Each structure stands twice: as structure tokens, then as C-alpha cells.
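Undergrad: Have a peek at upload-v6.cif (mmCIF, C-alpha atoms and all ligand atoms).
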data_data
loop_
_atom_site.label_atom_id
_atom_site.label_comp_id
_atom_site.auth_asym_id
_atom_site.auth_seq_id
_atom_site.Cartn_x
_atom_site.Cartn_y
_atom_site.Cartn_z
CA MET J 1 35.15 8.31 -57.70
CA LYS J 2 37.75 9.25 -60.28
CA GLU J 3 36.52 10.11 -63.75
CA GLU J 4 38.76 7.47 -65.45
CA ILE J 5 37.30 4.71 -63.32
CA ARG J 6 33.76 5.88 -64.07
CA ILE J 7 34.45 5.87 -67.78
CA PHE J 8 35.98 2.39 -67.55
CA MET J 9 32.93 1.17 -65.70
CA ARG J 10 30.53 2.66 -68.22
CA VAL J 11 32.47 1.04 -71.07
CA SER J 12 32.60 -2.30 -69.30
CA PHE J 13 28.85 -2.12 -68.66
CA PHE J 14 28.16 -2.18 -72.38
CA MET J 15 30.80 -4.84 -73.06
CA PRO J 16 28.50 -7.85 -72.46
CA LEU J 17 26.02 -6.54 -75.01
CA PHE J 18 28.81 -6.52 -77.54
CA MET J 19 29.94 -9.96 -76.41
CA ILE J 20 26.44 -11.41 -76.58
CA GLU J 21 26.04 -10.06 -80.09
CA TRP J 22 29.35 -11.64 -81.04
CA HIS J 23 28.25 -14.92 -79.47
CA ARG J 24 24.96 -14.88 -81.43
CA LYS J 25 26.87 -14.51 -84.65
CA GLY J 26 28.08 -18.09 -84.20
CA ASP J 27 31.42 -17.88 -82.49
CA SER J 28 30.60 -20.20 -79.64
CA ASP J 29 33.72 -21.98 -78.55
CA MET J 30 34.40 -22.43 -74.85
CA VAL J 31 37.14 -19.82 -74.59
CA HIS J 32 34.80 -17.15 -75.79
CA MET J 33 32.04 -18.32 -73.48
CA LYS J 34 34.33 -18.04 -70.46
CA TRP J 35 35.45 -14.59 -71.54
CA LEU J 36 31.80 -13.63 -71.92
CA ILE J 37 30.85 -14.84 -68.43
CA LEU J 38 33.86 -13.10 -66.89
CA THR J 39 33.05 -9.83 -68.64
CA VAL J 40 29.41 -9.96 -67.62
CA GLY J 41 30.46 -10.50 -64.02
CA ILE J 42 32.90 -7.59 -63.98
CA SER J 43 30.47 -5.32 -65.76
CA LEU J 44 27.62 -5.98 -63.36
CA LEU J 45 29.89 -5.21 -60.44
CA ALA J 46 31.00 -2.05 -62.19
CA ALA J 47 27.46 -1.02 -63.05
CA CYS J 48 26.44 -1.62 -59.47
CA SER J 49 29.17 0.50 -57.90
CA ASP J 50 28.77 3.17 -60.57
CA GLU J 51 25.07 3.35 -59.72
CA GLN J 52 25.84 3.73 -56.04
CA THR J 53 28.29 6.51 -56.76
CA GLU J 54 25.69 8.41 -58.73
CA THR J 55 23.25 7.91 -55.93
CA VAL J 56 25.64 9.49 -53.47
CA ASN J 57 26.22 12.43 -55.79
CA GLU J 58 22.50 12.92 -56.24
CA LYS J 59 21.96 12.92 -52.52
CA GLU J 60 24.57 15.60 -52.04
CA THR J 61 22.91 17.96 -54.47
CA ALA J 62 19.24 17.05 -54.09
CA PRO J 63 17.01 19.30 -51.99
CA VAL J 64 16.04 17.98 -48.56
CA GLU J 65 12.49 16.98 -49.62
CA GLU J 66 13.74 14.87 -52.50
CA GLN J 67 16.26 13.11 -50.29
CA ALA J 68 13.59 11.96 -47.93
CA GLU J 69 11.56 10.56 -50.80
CA GLU J 70 14.39 8.93 -52.64
CA THR J 71 16.41 7.32 -49.93
CA PRO J 72 14.10 4.31 -49.35
CA ALA J 73 13.77 3.66 -53.09
CA GLU J 74 17.53 3.72 -53.62
CA THR J 75 18.10 1.38 -50.71
CA GLU J 76 15.60 -1.05 -52.16
CA ASN J 77 17.36 -0.92 -55.51
CA ALA J 78 20.67 -1.80 -53.95
CA ASN J 79 19.22 -5.09 -52.74
CA GLU J 80 17.54 -5.93 -55.99
CA GLU J 81 18.98 -8.02 -58.79
CA GLU J 82 21.66 -6.05 -60.59
CA SER J 83 20.48 -6.72 -64.13
CA GLY J 84 17.60 -4.21 -64.12
CA GLN J 85 19.34 -1.40 -62.31
CA ALA J 86 20.37 0.79 -65.22
CA GLU J 87 16.86 0.72 -66.59
CA GLU J 88 15.33 1.43 -63.20
CA ALA J 89 17.66 4.35 -62.63
CA GLU J 90 16.60 5.76 -65.98
CA GLN J 91 12.93 5.31 -65.11
CA GLU J 92 13.51 7.07 -61.81
CA GLU J 93 15.08 10.01 -63.62
CA ILE J 94 12.01 10.28 -65.85
CA GLU J 95 9.66 10.09 -62.88
CA LYS J 96 11.64 12.75 -61.06
CA GLU J 97 11.43 15.09 -64.03
CA GLU J 98 7.67 14.58 -64.20
CA VAL J 99 7.32 15.45 -60.51
CA GLU J 100 9.42 18.57 -60.99
CA SER J 101 7.35 19.74 -63.95
CA GLU J 102 4.19 19.39 -61.84
CA ALA J 103 5.57 21.68 -59.14
CA GLU J 104 3.61 24.88 -58.54
CA PRO J 105 4.81 27.73 -60.78
CA GLU J 106 5.93 31.10 -59.44
CA PRO J 107 2.92 33.30 -58.58
CA GLN J 108 2.17 35.77 -61.39
CA TYR J 109 -1.12 37.22 -60.12
CA ARG J 110 -2.60 38.34 -56.84
CA LEU J 111 -6.27 38.19 -55.90
CA ASN J 112 -7.72 41.57 -54.91
CA PRO J 113 -10.19 40.86 -52.05
CA ALA J 114 -11.94 44.19 -52.63
CA THR J 115 -12.93 43.44 -56.23
CA TRP J 116 -12.24 39.65 -56.46
CA GLY J 117 -10.30 40.42 -59.63
CA VAL J 118 -6.70 39.37 -60.25
CA GLU J 119 -3.78 41.73 -60.64
CA PRO J 120 -0.34 41.03 -62.11
CA ILE J 121 2.45 40.81 -59.53
CA ALA J 122 5.36 41.79 -61.78
CA ASP J 123 5.38 41.81 -65.56
CA ALA J 124 2.58 39.27 -66.15
CA PRO J 125 0.06 40.58 -68.74
CA ALA J 126 -2.54 42.83 -67.09
CA GLU J 127 -5.03 42.26 -69.90
CA ALA J 128 -6.08 38.87 -68.60
CA VAL J 129 -9.20 37.33 -67.06
CA LEU J 130 -9.85 34.35 -64.81
CA LEU J 131 -12.50 31.75 -65.68
CA THR J 132 -14.33 29.90 -62.89
CA ILE J 133 -17.02 27.22 -63.17
CA ASP J 134 -19.27 26.61 -60.13
CA ASP J 135 -21.64 23.82 -59.05
CA ALA J 136 -19.42 21.16 -60.59
CA PRO J 137 -19.13 18.37 -61.52
CA ASP J 138 -22.84 17.97 -62.31
CA LYS J 139 -23.83 17.08 -65.88
CA HIS J 140 -21.63 19.34 -68.02
CA ALA J 141 -18.36 20.01 -66.14
CA VAL J 142 -16.35 17.28 -67.86
CA ASP J 143 -17.47 18.48 -71.31
CA MET J 144 -16.67 22.06 -70.31
CA ALA J 145 -13.21 20.96 -69.17
CA VAL J 146 -12.65 19.18 -72.50
CA THR J 147 -13.72 22.34 -74.38
CA LEU J 148 -11.37 24.54 -72.36
CA LYS J 149 -8.54 22.04 -72.66
CA GLU J 150 -8.92 22.03 -76.45
CA LEU J 151 -8.82 25.83 -76.43
CA ASN J 152 -5.81 25.73 -74.08
CA VAL J 153 -7.61 27.91 -71.52
CA PRO J 154 -7.18 27.30 -67.75
CA ALA J 155 -9.96 27.60 -65.14
CA ILE J 156 -11.02 26.75 -61.61
CA PHE J 157 -13.85 24.26 -61.13
CA PHE J 158 -15.58 24.90 -57.79
CA VAL J 159 -17.11 21.60 -56.71
CA ASN J 160 -19.95 20.56 -54.42
CA GLY J 161 -19.62 17.41 -52.33
CA HIS J 162 -23.12 16.21 -53.23
CA PHE J 163 -21.85 15.80 -56.80
CA LEU J 164 -19.07 13.53 -55.54
CA ASP J 165 -20.92 10.64 -53.89
CA SER J 166 -20.65 7.83 -56.43
CA GLU J 167 -17.52 6.34 -57.97
CA ALA J 168 -18.61 7.66 -61.39
CA GLU J 169 -18.90 11.19 -59.98
CA LYS J 170 -15.50 10.91 -58.34
CA GLU J 171 -14.13 9.73 -61.69
CA ASN J 172 -15.47 12.97 -63.25
CA LEU J 173 -13.58 15.02 -60.69
CA LYS J 174 -10.44 13.04 -61.39
CA LYS J 175 -10.80 13.66 -65.14
CA ILE J 176 -11.15 17.43 -64.64
CA HIS J 177 -8.12 17.50 -62.35
CA GLU J 178 -6.07 15.36 -64.73
CA MET J 179 -6.84 17.76 -67.58
CA GLY J 180 -4.94 20.32 -65.50
CA PHE J 181 -7.77 22.37 -63.97
CA LEU J 182 -7.68 23.63 -60.41
CA ILE J 183 -10.37 22.29 -58.06
CA GLY J 184 -12.01 24.69 -55.59
CA ASN J 185 -14.34 24.06 -52.62
CA HIS J 186 -17.95 25.22 -53.06
CA THR J 187 -19.38 23.38 -49.98
CA GLN J 188 -21.02 20.00 -49.59
CA THR J 189 -24.70 20.82 -50.27
CA HIS J 190 -24.65 24.44 -51.47
CA PRO J 191 -26.41 26.07 -48.50
CA ASN J 192 -26.42 29.77 -47.69
CA LEU J 193 -23.77 29.72 -44.94
CA THR J 194 -25.37 32.71 -43.18
CA THR J 195 -28.47 30.62 -42.37
CA ILE J 196 -26.84 27.56 -40.78
CA SER J 197 -24.98 26.87 -37.52
CA GLU J 198 -21.21 27.03 -37.15
CA ASP J 199 -21.07 23.25 -36.79
CA GLN J 200 -22.98 22.85 -40.03
CA GLN J 201 -20.72 25.36 -41.80
CA LYS J 202 -17.73 23.39 -40.61
CA GLN J 203 -19.21 20.16 -41.98
CA GLU J 204 -20.12 21.82 -45.28
CA ILE J 205 -16.56 23.07 -45.83
CA LEU J 206 -14.36 20.33 -44.36
CA THR J 207 -16.22 17.38 -45.91
CA VAL J 208 -15.47 18.69 -49.41
CA ASN J 209 -11.79 19.16 -48.59
CA GLU J 210 -11.60 15.56 -47.41
CA THR J 211 -13.40 14.16 -50.45
CA VAL J 212 -11.35 16.18 -52.92
CA GLU J 213 -8.12 15.17 -51.25
CA GLN J 214 -9.20 11.54 -51.25
CA VAL J 215 -9.98 11.63 -54.98
CA ILE J 216 -7.20 13.80 -56.46
CA GLY J 217 -4.58 13.69 -53.71
CA GLU J 218 -4.65 17.38 -52.86
CA LYS J 219 -6.95 19.74 -50.98
CA PRO J 220 -8.63 22.73 -52.66
CA LYS J 221 -6.68 25.99 -52.45
CA PHE J 222 -9.67 28.27 -53.05
CA PHE J 223 -13.09 28.46 -51.40
CA ARG J 224 -16.17 30.06 -52.90
CA ALA J 225 -19.24 30.30 -50.70
CA PRO J 226 -22.62 29.56 -52.34
CA HIS J 227 -24.14 32.90 -53.39
CA GLY J 228 -20.86 34.50 -52.26
CA ALA J 229 -22.32 34.63 -48.72
CA ASN J 230 -19.69 34.12 -46.02
CA THR J 231 -19.80 34.46 -42.24
CA ASP J 232 -17.05 35.46 -39.82
CA PHE J 233 -16.86 31.79 -38.92
CA SER J 234 -16.49 30.57 -42.52
CA ARG J 235 -13.85 33.22 -43.24
CA ALA J 236 -11.80 32.14 -40.23
CA LEU J 237 -12.22 28.44 -41.01
CA VAL J 238 -11.19 28.89 -44.65
CA GLN J 239 -8.06 30.72 -43.56
CA GLN J 240 -7.31 28.12 -40.91
CA GLU J 241 -7.58 25.44 -43.62
CA GLY J 242 -4.99 27.30 -45.70
CA MET J 243 -7.51 28.21 -48.42
CA MET J 244 -8.26 31.59 -49.97
CA LEU J 245 -11.73 33.05 -50.31
CA MET J 246 -12.80 33.96 -53.80
CA ASN J 247 -16.02 35.57 -54.97
CA TRP J 248 -16.25 36.88 -58.52
CA SER J 249 -16.47 40.01 -60.69
CA TYR J 250 -19.47 39.11 -62.85
CA GLY J 251 -21.64 36.31 -64.15
CA TYR J 252 -25.05 35.95 -65.84
CA ASP J 253 -25.88 32.32 -66.54
CA TRP J 254 -28.42 32.00 -63.69
CA GLU J 255 -30.58 34.85 -64.99
CA LYS J 256 -33.58 33.85 -67.06
CA GLN J 257 -32.74 35.95 -70.13
CA TYR J 258 -29.22 34.51 -70.33
CA MET J 259 -30.16 30.82 -70.17
CA ASP J 260 -29.45 30.80 -73.89
CA PRO J 261 -26.00 30.27 -75.48
CA ALA J 262 -26.13 33.27 -77.86
CA ALA J 263 -27.44 35.72 -75.24
CA LEU J 264 -24.96 34.45 -72.64
CA THR J 265 -21.99 34.64 -75.03
CA ASP J 266 -22.91 38.21 -75.91
CA ILE J 267 -23.27 39.47 -72.35
CA MET J 268 -20.16 37.65 -71.03
CA VAL J 269 -18.01 39.28 -73.72
CA ASN J 270 -19.67 42.69 -74.00
CA THR J 271 -20.66 43.51 -70.41
CA GLU J 272 -19.43 46.81 -68.99
CA PHE J 273 -17.91 44.80 -66.11
CA LEU J 274 -15.30 43.15 -68.31
CA HIS J 275 -11.90 44.69 -67.66
CA ASN J 276 -8.33 43.67 -66.84
CA GLY J 277 -8.30 40.98 -64.17
CA SER J 278 -12.05 40.26 -64.18
CA ASN J 279 -13.02 37.06 -62.41
CA LEU J 280 -15.74 35.46 -64.56
CA LEU J 281 -18.36 33.26 -62.90
CA MET J 282 -20.03 30.51 -64.89
CA HIS J 283 -21.83 27.32 -63.88
CA ASP J 284 -22.13 23.67 -64.84
CA ARG J 285 -25.20 24.33 -67.04
CA GLU J 286 -26.23 23.22 -70.51
CA TRP J 287 -26.40 26.70 -72.03
CA THR J 288 -23.11 27.74 -70.45
CA ALA J 289 -21.37 24.62 -71.80
CA ALA J 290 -22.73 25.49 -75.26
CA ALA J 291 -21.68 29.15 -74.93
CA LEU J 292 -18.17 28.44 -73.64
CA PRO J 293 -16.26 28.31 -76.97
CA GLY J 294 -17.89 31.58 -78.09
CA ILE J 295 -17.13 33.26 -74.76
CA VAL J 296 -13.46 32.24 -74.96
CA ASP J 297 -13.20 33.38 -78.61
CA GLY J 298 -14.91 36.69 -77.82
CA LEU J 299 -12.56 37.40 -74.91
CA LYS J 300 -9.54 36.51 -77.04
CA ALA J 301 -10.80 38.79 -79.82
CA LYS J 302 -10.91 41.64 -77.29
CA GLY J 303 -7.25 41.01 -76.49
CA TYR J 304 -7.59 39.13 -73.22
CA THR J 305 -5.45 36.21 -72.16
CA PHE J 306 -6.44 33.77 -69.42
CA VAL J 307 -4.95 33.62 -65.94
CA ASP J 308 -3.71 30.21 -64.88
CA PRO J 309 -5.14 29.85 -61.35
CA HIS J 310 -2.07 27.80 -60.38
CA GLU J 311 -0.20 31.11 -60.77
CA ILE J 312 -2.36 33.04 -58.29
CA GLU J 313 -0.48 33.82 -55.10
CA LEU J 314 -1.82 31.99 -52.06
CA GLN J 315 -2.09 33.62 -48.67
CA PRO J 316 1.20 33.73 -46.75
ZN ZN X 1 -22.99 27.72 -56.65
#
Here is the file; what I need is its structure written in the form of C-alpha cells.
TA:
Amino acid sequence: MKEEIRIFMRVSFFMPLFMIEWHRKGDSDMVHMKWLILTVGISLLAACSDEQTETVNEKETAPVEEQAEETPAETENANEEESGQAEEAEQEEIEKEEVESEAEPEPQYRLNPATWGVEPIADAPAEAVLLTIDDAPDKHAVDMAVTLKELNVPAIFFVNGHFLDSEAEKENLKKIHEMGFLIGNHTQTHPNLTTISEDQQKQEILTVNETVEQVIGEKPKFFRAPHGANTDFSRALVQQEGMMLMNWSYGYDWEKQYMDPAALTDIMVNTEFLHNGSNLLMHDREWTAAALPGIVDGLKAKGYTFVDPHEIELQP
């Protein structure tokens, strides 16, 4: 449509607002009322066809995926009452922007399957570590997520299905996801996969994917076997499911002498295994939750930043 016509239509869309205001101010004779009704009529028609024009333009430039999503909504709008269309279109724009901002970012790091550390792909900072929290969401995962969120530090929470049975437990998972953390699969009941049958391994892994997808709307992208013990079968299944295996570089919170916040903070920050790209393993435990702020501060003080797991490259 020609630019002049579009401008005329935009102007005429706002005309009734002006007219209504005028009318409210007390000038209410019949001539003005008729003029008002006529203008409203023309403007709604104009707004309607202007809207449709924009829709067509959007469709021409929108990527294929967006088109598929938007076409039914736009068609519905066309049949709806005209009066709310401008507002709805605006709302749609906002929603679209939100969806776009949630899209996966460009990969910045790559997982090294020999060390389970992360390495920068291009010019991402090398002096960075990845935080992971296993056996979640038991009693402390939500608090740990709140702590990390306040510190603006990303992490992966590896979840077990047996912590996701009740609605309250599912709500915990939803909270962690909504705070922006990535959810990983850590099996249903935390068995050692090397001691159970292939059918059982399949159950252990797939059930968690289904539950997580049901609760947060997306399947886990990473899998961490309990005790880091995989089998050929679990490796193949994880790949088939489009997930990546991830063990870890170091962790201490399951050892007796580190079940204490001060001792755990000290070892997590001062261990000889801390280096660029280290993949830090922690658990949903009381002492780890208490140590978390100190661990983050200590790592920052040593110059490390934190890898956003959404920026880790997934397998091709
Ligand atoms: Zn575990």
C-alpha cells in the first residue's frame, strides 16, 4: 500500500479519540454526533485494512517458523471485533520480542569430553568455570538457585525424577527453570547404570526427560550419570535422545571432611584442580547451599567468570 494512504489511515485512526474528547467537552449537537459516527466508521475500516497490510508485510519478512506460528493468530484477529485490534497487535509485538529474547544464544564454549571442562570457541573468556548442582531439586536446590540468581551466576541443575513426583516438587523445578537455570537429566532414581539392565537404564533416563518436558516445556540437553558411571548403552541412548554427556572436573561436598561450609568453600576455591574451564560439581546439600556465596566470591576473586550453560555447544 502507498505510504500516503497508510499515513492517512493512521491519522484517521486517531481521529475518533479526538472527536470523543471534543464531544465530552460539551459540544453535543446532532451534526457533531453524525460527524463523529462517520469518522469512527471510516477509521475502523482504515485501521482494519492497515492492520492487514502490516500483517502481509510481516509475513513476507518473517522466518518460516514464525509464519507457521503466526498465521492462525492473525486469521483469528481478522474475524474479531475491530475495536481491540490495535492493542492486540501491540501485545503480539511484545510477545514476539519476548520469544526472540528467549532464543538460544550463539555457542561460546565447547565441552571437552576428555576432561569434562569447557573451552572457549572463539573470543569468549578462557578464565571461566561452569557450576553444576546434582541431586536436585531435593531440599536446598530452590534456595541455591535464588542465591545464584542474586549473584547473577548461571548453573546447570541436574535433576532426579524421584524428586519430581508431587505437584510441590514439580513447582520447585519450574521455579529453578524460570530463574533461568538449565535443567539436566541425572536419572530417575540415581542408580549406578553399570549394575542394571538396558531396559532399566532406558527407563531411568527417558522417564526424567518426559517429566522435565511436561513440567518446563523442554527436554534436558545434558545428561550426567550417577557417580559418572555410564555404559555403552547409556552413551548411545543419550546421543539418540539429542543430549550430551557431562561428567565433571572436581567436587568435594560428599566427602566427610567437607560437609562443612567453611571447609567446602576453601577446597572448592583453592584446590589444585581449579583452572580455566573447570566443571565444578556440587550437590543439593545443606552445607553446599551455605557455602555457595563464599565459593562464588572466592572464584570471582581469583579472576574467574561463569560459563552460561545455554552457551555450550550441543552435539551436531
Ligand atoms: Zn548424583
Undergrad: Can you tell me, as a VMD selection string, which residues sit within 10 Å of (-18.9, 25.8, -45.9) in the file's frame, using all atoms listed in the file?
TA: chain J and resid 185 to 194 196 198 to 208 223 to 226 229 to 231 233 to 235 237 to 238
Undergrad: With only C-alpha atoms as the atoms that count, which of J:Ile176, J:Ala114, J:Ile133, J:Leu151 lies nearest to His283 (chain J)?
TA: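 Closest to His283 (chain J), using only C-alpha atoms: J:Ile133.
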Undergrad: For the atom pair CA of Pro137 (chain J) and CA of Ile312 (chain J), what is the interatomic distance in Å to one decimal place?
TA: 22.5 Å
Undergrad: Please report the interatomic distance between CA of Tyr109 (chain J) and CA of Ala124 (chain J) in Å with one decimal.
TA: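 CA of Ala124 (chain J) lies at a distance of 7.4 Å from CA of Tyr109 (chain J).
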Undergrad: Just how far from CA of Leu299 (chain J) is CA of Ile121 (chain J), in Å to one decimal?
TA: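 Interatomic distance here is 21.8 Å.
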Undergrad: Give as a list in words the set of residues within 12 Å of the point (-6.4, 16.6, -51.5), where distances use the file's coordinates and only C-alpha atoms.
TA: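 Looking at atoms near the point gives Leu173, Lys174, His177, Leu182, Ile183, Gly184, Asn185, Leu206, Thr207, Val208, Asn209, Glu210, Thr211, Val212, Glu213, Gln214, Val215, Ile216, Gly217, Glu218, Lys219, Pro220, Lys221 and Glu241 of chain J.
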Undergrad: With only C-alpha atoms as the atoms that count, which of J:Gln257, J:Gly180, J:Glu311, J:Asp138 lies nearest to Asp165 (chain J)?
TA: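 Of J:Gln257, J:Gly180, J:Glu311, J:Asp138, the one nearest Asp165 (chain J) is J:Asp138, counting only C-alpha atoms.
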Undergrad: Near Thr115 (chain J), within 10 Å and counting all atoms listed in the file, which residues show up once chain neighbours fewer than 6 positions away are dropped, as a PDB file with C-alpha atoms, in the frame of the given file?
TA:
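Output (result.pdb):
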ATOM      1  CA  MET J 246     -12.800  33.960 -53.800  1.00  0.00           C
ATOM      2  CA  ASN J 247     -16.020  35.570 -54.970  1.00  0.00           C
ATOM      3  CA  TRP J 248     -16.250  36.880 -58.520  1.00  0.00           C
ATOM      4  CA  SER J 249     -16.470  40.010 -60.690  1.00  0.00           C
ATOM      5  CA  GLY J 277      -8.300  40.980 -64.170  1.00  0.00           C
ATOM      6  CA  SER J 278     -12.050  40.260 -64.180  1.00  0.00           C
ATOM      7  CA  ASN J 279     -13.020  37.060 -62.410  1.00  0.00           C
TER       8      ASN J 279
END
Undergrad: Would you please work out which residue, of J:Leu281, J:Ala301, J:Ala289, J:Met268, is nearest to ligand ZN 1 (chain X) when using all atoms listed in the file?
TA: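 Among the listed residues, the smallest separation from ligand ZN 1 (chain X) belongs to J:Leu281.
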Undergrad: Which neighbours of Met179 (chain J) fall inside 12 Å, counting only C-alpha atoms, when residues of the same chain fewer than 4 positions from it are skipped, and could you give them as an NGL selection string?
TA: :J and (141-150 or 152-157 or 172-175 or 183 or 216)
Undergrad: I need the residue nearest ligand ZN 1 (chain X) from this list: J:Tyr258, J:Phe273, J:Phe158, J:Tyr250. Use all atoms listed in the file for the distance.
TA: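 Looking only at the distances to ligand ZN 1 (chain X), the closest residue turns out to be J:Phe158.
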Undergrad: With distances taken over all atoms listed in the file, which of J:Gly228, J:Gly303, J:Gly294, J:Gly251 is nearest to ligand ZN 1 (chain X)?
TA: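 Distance minimum relative to ligand ZN 1 (chain X) lands on J:Gly228.
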Undergrad: May I ask which of the residues J:Pro120, J:Gly161, J:Pro113, J:Pro107 is the closest one to ligand ZN 1 (chain X), counting only C-alpha atoms and all ligand atoms?
TA: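 Of the candidates, the smallest distance to ligand ZN 1 (chain X) is held by J:Gly161.
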